[in-house]
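Raw contents of target_12.txt, compact mmCIF, C-alpha atoms and all ligand atoms:
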```txt
# COMPACT_ATOMS: atom_id res chain seq x y z
CA MET A 1 -8.91 19.13 -10.45
CA PHE A 2 -9.32 15.36 -10.20
CA LYS A 3 -9.66 14.50 -6.52
CA ARG A 4 -6.72 12.11 -6.69
CA TRP A 5 -4.26 14.98 -6.96
CA LYS A 6 -5.76 16.64 -3.94
CA ASN A 7 -5.01 13.38 -2.12
CA LEU A 8 -8.71 12.81 -1.55
CA SER A 9 -10.56 9.53 -1.84
CA GLU A 10 -13.35 8.92 -4.36
CA ILE A 11 -15.34 6.88 -1.88
CA LEU A 12 -15.42 9.01 1.25
CA LEU A 13 -17.31 12.27 1.69
CA PRO A 14 -14.66 14.96 0.98
CA GLU A 15 -15.65 17.19 3.90
CA VAL A 16 -15.44 14.25 6.31
CA GLU A 17 -12.11 13.14 4.90
CA GLU A 18 -10.67 16.66 5.07
CA PHE A 19 -11.87 16.99 8.64
CA CYS A 20 -10.07 13.74 9.54
CA ASN A 21 -6.92 14.81 7.68
CA ASN A 22 -6.83 18.08 9.58
CA TYR A 23 -7.51 16.29 12.86
CA ASN A 24 -4.88 13.56 12.45
CA GLU A 25 -1.41 14.88 13.14
CA ARG A 26 1.47 13.85 10.90
CA GLU A 27 5.22 14.35 10.94
CA GLY A 28 6.45 17.40 8.98
CA ILE A 29 8.23 15.21 6.45
CA LEU A 30 4.97 13.38 5.65
CA LYS A 31 3.21 16.70 5.04
CA GLU A 32 6.08 17.65 2.77
CA ILE A 33 5.65 14.44 0.74
CA GLU A 34 1.88 15.04 0.52
CA GLU A 35 2.56 18.51 -0.91
CA LEU A 36 5.14 17.17 -3.35
CA SER A 37 2.68 14.50 -4.47
CA GLN A 38 0.05 17.14 -5.24
CA ARG A 39 2.47 19.52 -6.92
CA GLU A 40 4.18 16.95 -9.14
CA LYS A 41 1.28 14.51 -9.49
CA VAL A 42 3.13 11.55 -8.02
CA PRO A 43 0.78 8.94 -6.53
CA ILE A 44 1.03 8.27 -2.79
CA LEU A 45 -1.17 6.43 -0.34
CA LEU A 46 -4.16 8.57 0.67
CA PRO A 47 -3.52 10.23 4.05
CA THR A 48 -6.57 8.52 5.61
CA SER A 49 -5.13 5.11 4.62
CA ALA A 50 -1.66 6.17 5.74
CA VAL A 51 -2.96 6.96 9.22
CA PHE A 52 -4.65 3.55 9.32
CA LEU A 53 -1.44 1.86 8.13
CA ARG A 54 0.61 3.59 10.79
CA LEU A 55 -1.89 2.65 13.48
CA ILE A 56 -1.95 -1.02 12.44
CA VAL A 57 1.85 -1.18 12.45
CA ASP A 58 1.94 0.56 15.82
CA ILE A 59 -0.44 -2.07 17.24
CA LEU A 60 1.07 -5.15 15.56
CA LYS A 61 4.73 -4.14 15.94
CA PRO A 62 5.89 -6.39 13.08
CA LYS A 63 9.54 -7.36 13.23
CA ARG A 64 10.06 -7.93 9.50
CA VAL A 65 8.17 -5.81 6.95
CA LEU A 66 8.02 -6.03 3.15
CA GLU A 67 6.52 -3.28 1.00
CA ILE A 68 5.77 -3.65 -2.70
CA GLY A 69 5.41 -0.24 -4.36
CA THR A 70 7.67 2.26 -2.56
CA GLY A 71 6.76 5.24 -4.74
CA ILE A 72 8.44 8.24 -3.12
CA GLY A 73 8.41 6.60 0.30
CA TYR A 74 5.29 8.05 1.93
CA SER A 75 3.76 4.73 3.01
CA THR A 76 7.20 3.38 3.97
CA LEU A 77 7.74 6.28 6.37
CA ASN A 78 4.28 5.76 7.84
CA ILE A 79 5.31 2.17 8.56
CA TYR A 80 8.60 3.37 10.06
CA PHE A 81 6.91 5.99 12.27
CA GLY A 82 4.43 3.31 13.37
CA TYR A 83 7.22 1.04 14.62
CA ARG A 84 10.80 2.28 14.41
CA GLU A 85 12.24 -1.11 15.35
CA ALA A 86 10.80 -2.80 12.25
CA GLU A 87 13.24 -4.16 9.70
CA ILE A 88 11.75 -2.72 6.49
CA THR A 89 12.46 -3.83 2.91
CA THR A 90 10.73 -1.95 0.11
CA VAL A 91 10.71 -2.66 -3.62
CA ASP A 92 9.81 -0.52 -6.65
CA SER A 93 10.55 -0.83 -10.36
CA ASN A 94 10.79 2.95 -10.88
CA ARG A 95 14.37 4.14 -10.34
CA LYS A 96 13.56 7.86 -10.18
CA ARG A 97 10.88 7.42 -7.50
CA LEU A 98 13.06 5.08 -5.49
CA GLU A 99 15.89 7.63 -5.49
CA LYS A 100 13.52 10.31 -4.20
CA ALA A 101 12.27 7.90 -1.53
CA LYS A 102 15.84 7.23 -0.41
CA GLU A 103 16.37 10.98 0.10
CA PHE A 104 13.33 11.09 2.38
CA PHE A 105 14.45 7.97 4.30
CA GLU A 106 17.84 9.52 4.89
CA ARG A 107 16.34 12.77 6.10
CA ALA A 108 13.97 10.91 8.44
CA GLY A 109 16.82 8.71 9.73
CA ALA A 110 14.88 5.62 8.63
CA PRO A 111 17.14 2.58 7.98
CA VAL A 112 15.06 1.15 5.11
CA LYS A 113 16.42 -1.44 2.66
CA THR A 114 15.42 -0.38 -0.88
CA VAL A 115 15.30 -2.76 -3.84
CA LEU A 116 15.02 -1.66 -7.47
CA SER A 117 13.20 -4.54 -9.13
CA ASP A 118 9.93 -5.78 -10.50
CA GLY A 119 7.89 -6.73 -7.42
CA LEU A 120 6.85 -10.16 -8.71
CA GLU A 121 10.42 -11.05 -9.60
CA TYR A 122 11.67 -9.96 -6.21
CA VAL A 123 8.93 -11.93 -4.45
CA ARG A 124 10.03 -15.02 -6.42
CA GLU A 125 13.56 -14.45 -5.19
CA LEU A 126 12.38 -14.11 -1.58
CA LEU A 127 10.34 -17.33 -1.87
CA PHE A 128 13.37 -19.13 -3.24
CA ARG A 129 15.39 -17.93 -0.24
CA GLY A 130 12.61 -19.09 2.11
CA GLU A 131 12.15 -15.63 3.64
CA THR A 132 9.05 -14.72 5.63
CA PHE A 133 7.58 -11.46 6.94
CA ASP A 134 5.31 -10.39 9.78
CA PHE A 135 3.71 -7.66 7.70
CA ILE A 136 3.47 -7.07 3.94
CA PHE A 137 2.08 -3.92 2.38
CA VAL A 138 1.16 -4.04 -1.31
CA ASP A 139 0.56 -0.78 -3.20
CA SER A 140 1.54 -1.40 -6.83
CA VAL A 141 -0.42 -2.06 -10.04
CA LYS A 142 -3.92 -3.16 -8.99
CA SER A 143 -4.46 -5.48 -11.96
CA GLU A 144 -1.46 -7.51 -10.72
CA TYR A 145 -3.02 -8.17 -7.29
CA PRO A 146 -4.39 -11.64 -8.14
CA PHE A 147 -0.85 -12.66 -9.15
CA PHE A 148 0.80 -11.00 -6.18
CA ASN A 149 -1.71 -12.61 -3.90
CA TYR A 150 -0.67 -16.19 -4.73
CA LYS A 151 3.00 -15.32 -4.46
CA VAL A 152 2.75 -13.26 -1.31
CA GLN A 153 0.81 -15.77 0.79
CA PRO A 154 3.71 -18.11 1.58
CA LEU A 155 5.82 -15.09 2.50
CA ILE A 156 3.49 -14.21 5.39
CA LYS A 157 4.43 -15.71 8.75
CA GLU A 158 1.71 -17.53 10.69
CA GLY A 159 -0.29 -14.87 12.50
CA GLY A 160 1.14 -12.29 10.12
CA VAL A 161 -0.74 -9.81 7.96
CA ALA A 162 -0.76 -8.50 4.39
CA LEU A 163 -2.49 -5.22 3.58
CA PHE A 164 -3.45 -4.37 -0.02
CA ASP A 165 -4.34 -0.80 -1.05
CA ASN A 166 -6.89 0.47 -3.64
CA VAL A 167 -8.99 -2.69 -3.60
CA LEU A 168 -12.27 -0.75 -3.96
CA PHE A 169 -10.87 1.26 -6.91
CA ARG A 170 -12.93 4.45 -6.45
CA GLY A 171 -15.94 2.27 -5.60
CA TYR A 172 -16.10 0.69 -9.09
CA VAL A 173 -15.51 -2.73 -7.58
CA ALA A 174 -18.57 -2.25 -5.38
CA GLY A 175 -20.96 -1.40 -8.23
CA ARG A 176 -20.36 2.30 -8.85
CA ASP A 177 -20.56 3.24 -12.56
CA TYR A 178 -17.25 3.34 -14.40
CA ASP A 179 -15.77 3.94 -17.81
CA ARG A 180 -15.29 0.72 -19.83
CA LYS A 181 -11.55 1.41 -20.02
CA TYR A 182 -11.36 0.28 -16.38
CA GLU A 183 -13.16 -3.01 -17.09
CA ARG A 184 -10.09 -5.27 -16.90
CA GLY A 185 -8.78 -3.67 -13.71
CA VAL A 186 -12.18 -3.91 -12.01
CA LYS A 187 -12.60 -7.55 -13.06
CA LEU A 188 -9.18 -8.50 -11.74
CA LEU A 189 -9.76 -6.74 -8.42
CA LYS A 190 -13.13 -8.53 -8.05
CA LYS A 191 -11.38 -11.83 -8.76
CA PHE A 192 -8.75 -10.97 -6.14
CA LEU A 193 -11.37 -10.10 -3.49
CA LYS A 194 -13.31 -13.31 -4.19
CA GLU A 195 -10.24 -15.53 -4.04
CA VAL A 196 -8.77 -14.18 -0.80
CA LYS A 197 -12.13 -14.81 0.86
CA GLU A 198 -11.99 -18.48 -0.10
CA TYR A 199 -8.56 -19.36 1.29
CA PRO A 200 -9.06 -21.66 4.28
CA ASN A 201 -6.16 -20.49 6.42
CA PHE A 202 -6.65 -16.76 5.87
CA GLU A 203 -9.10 -14.20 7.17
CA ALA A 204 -9.90 -11.40 4.72
CA THR A 205 -11.38 -8.10 5.90
CA LEU A 206 -12.37 -5.26 3.59
CA ILE A 207 -11.88 -1.80 5.08
CA PRO A 208 -13.61 1.20 3.43
CA VAL A 209 -10.85 3.70 4.18
CA GLY A 210 -9.12 5.79 1.49
CA ASP A 211 -9.48 3.82 -1.75
CA GLY A 212 -10.28 0.57 0.09
CA LEU A 213 -7.86 -1.64 2.02
CA LEU A 214 -7.85 -5.43 2.19
CA PHE A 215 -6.54 -6.77 5.48
CA LEU A 216 -5.43 -10.39 5.06
CA LYS A 217 -4.44 -12.32 8.17
CA LYS A 218 -2.74 -15.69 8.06
CA LEU A 219 -4.28 -17.78 10.81
CA ILE A 220 -2.14 -19.78 13.23
C1 LIG B 1 0.73 4.16 -5.87
S1 LIG B 1 2.46 4.13 -6.12
C2 LIG B 1 3.06 3.72 -4.53
C3 LIG B 1 2.91 4.80 -3.53
C4 LIG B 1 3.65 4.55 -2.24
N1 LIG B 1 3.20 3.32 -1.61
C5 LIG B 1 3.48 5.73 -1.31
O1 LIG B 1 2.54 5.76 -0.51
O2 LIG B 1 4.31 6.66 -1.40
C6 LIG B 1 2.70 2.60 -6.96
C7 LIG B 1 4.16 2.26 -7.17
O3 LIG B 1 4.23 0.90 -7.55
C8 LIG B 1 5.30 0.78 -8.46
N2 LIG B 1 5.05 -0.47 -9.22
C9 LIG B 1 4.04 -0.74 -10.05
N3 LIG B 1 4.11 -2.00 -10.50
C10 LIG B 1 5.21 -2.54 -9.92
C11 LIG B 1 5.81 -3.81 -9.99
N4 LIG B 1 5.31 -4.79 -10.73
N5 LIG B 1 6.94 -4.01 -9.28
C12 LIG B 1 7.47 -3.03 -8.51
N6 LIG B 1 6.92 -1.80 -8.39
C13 LIG B 1 5.81 -1.56 -9.10
C14 LIG B 1 5.28 2.04 -9.28
O4 LIG B 1 6.54 2.31 -9.85
C15 LIG B 1 4.83 3.08 -8.26
O5 LIG B 1 5.93 3.80 -7.72
```
How does this structure look as structure tokens?
Amino acid sequence: MFKRWKNLSEILLPEVEEFCNNYNEREGILKEIEELSQREKVPILLPTSAVFLRLIVDILKPKRVLEIGTGIGYSTLNIYFGYREAEITTVDSNRKRLEKAKEFFERAGAPVKTVLSDGLEYVRELLFRGETFDFIFVDSVKSEYPFFNYKVQPLIKEGGVALFDNVLFRGYVAGRDYDRKYERGVKLLKKFLKEVKEYPNFEATLIPVGDGLLFLKKLI
């Protein structure tokens, strides 16, 4: 079976990753979502990245959080468990997944605001309203990252952070051989990684966890 559906990364050694996954404790509901993801082949954040996400949120304690790409709510609940006081808004364009996520939020007692919309359109709306966030997590279509990046920047408060998932794309972005069908996606991710590095008032850090995370901090 393709590693993805075992919720394993393509860039970490599987035995090391499994050891970490067994070591790191997670709430029962998160384990349940991991099992559902494997059974029904619904993509979720890799558990190694989820643990990192939760830890970062726990440390930063962001007041206002925006997530783009709710899926079935696995990453959202990791954010919630990291800091239960956070005011979380999450957006996804897939109605069925969002409904499933809502069930999990309800069961976990997580007061999350869900929005059914295209992420870029919703971001435009937020910009128009002049809204800002302490923490933004982006886990949607990777080829859209360069576009999300421009739009998301003004939404980040000074000193705030945006975290983008899958930026190493199974290592293809870093030079690992890949099928030509991934060419466009790889090119766009490379463009994204180059651009974020060049912004003067941002600090970009690439973290080789899960499928690769890009930590983007807006400097004060
Ligand atoms: C990898 S899944 C998200 C997994 C989720 N973060 C989790 O850990 O459970 C990507 C999600 O992004 C959503 N998506 C993709 N492109 C989008 C867009 N332009 N606007 C909103 N949602 C989008 C998909 O419907 C899908 O549910």
Could I get the residue neighbourhood of ligand LIG 1 (chain B) at 9 Å, counting only C-alpha atoms and all ligand atoms, as a count of residues only?
48
Do you know which residues are at most 8 Å from range 129-133 of chain A counting all atoms listed in the file, after dropping those on the same chain fewer than 2 positions away, and could you put them as a PyMOL selection string?
chain A and resi 63-66+125-127+135-136+154-157+160
For CA of Leu55 in chain A and CA of Glu17 in chain A, quote the distance in Å rounded to one decimal.
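That distance, rounded to one decimal, is 17.0 Å.
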To one decimal place in Å, what is the distance between CA of Ile59 in chain A and CA of Ile79 in chain A?
11.2 Å
Quote the spacing between CA of Glu35 in chain A and CA of Tyr172 in chain A in Å to one decimal place.
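One can read the CA of Glu35 in chain A to CA of Tyr172 in chain A distance as 27.1 Å.
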Using all atoms listed in the file, pick whichever of A:Arg184, A:Asn201, A:Pro111, A:Lys191 has the shortest atom-to-atom distance to Phe81 in chain A.
A:Pro111
Counting all atoms listed in the file, the option among A:Phe215, A:Val112, A:Asn22, A:Val167 closest to Leu188 in chain A:
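For Leu188 in chain A, the nearest of the candidates is A:Val167.
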Residue among A:Leu8, A:Leu163, A:Ile88, A:Leu13 lying closest to Leu213 in chain A, counting only C-alpha atoms:
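Closest residue, counting only C-alpha atoms: A:Leu163.
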Which one of A:Tyr80, A:Val51, A:Lys41, A:Ala162 sits closest to Gly210 in chain A if you count only C-alpha atoms?
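Distance minimum relative to Gly210 in chain A lands on A:Val51.
Considering only C-alpha atoms, the residue among A:Thr89, A:Thr48, A:Gln38, A:Thr205 positioned nearest to Glu18 in chain A is A:Thr48.
Of the residues under consideration (A:Tyr150, A:Glu198, A:Val161, A:Glu10), A:Val161 shows the shortest atom-to-atom contact distance to Pro62 in chain A when counting only C-alpha atoms.
By chain and then residue number, the residues within 9 Å of Ser143 in chain A are A:Phe147, A:Arg184, A:Gly185, A:Val186, A:Lys187, A:Leu188, A:Leu189, counting only C-alpha atoms and disregarding those fewer than 4 positions away in sequence.
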Box centre and edge lengths (Å, one decimal), axis-aligned, range 44-57 of chain A plus 6 Å each side, as JSON:
```
{"center_x": -2.4, "center_y": 4.5, "center_z": 5.3, "size_x": 20.4, "size_y": 23.4, "size_z": 28.3}
```
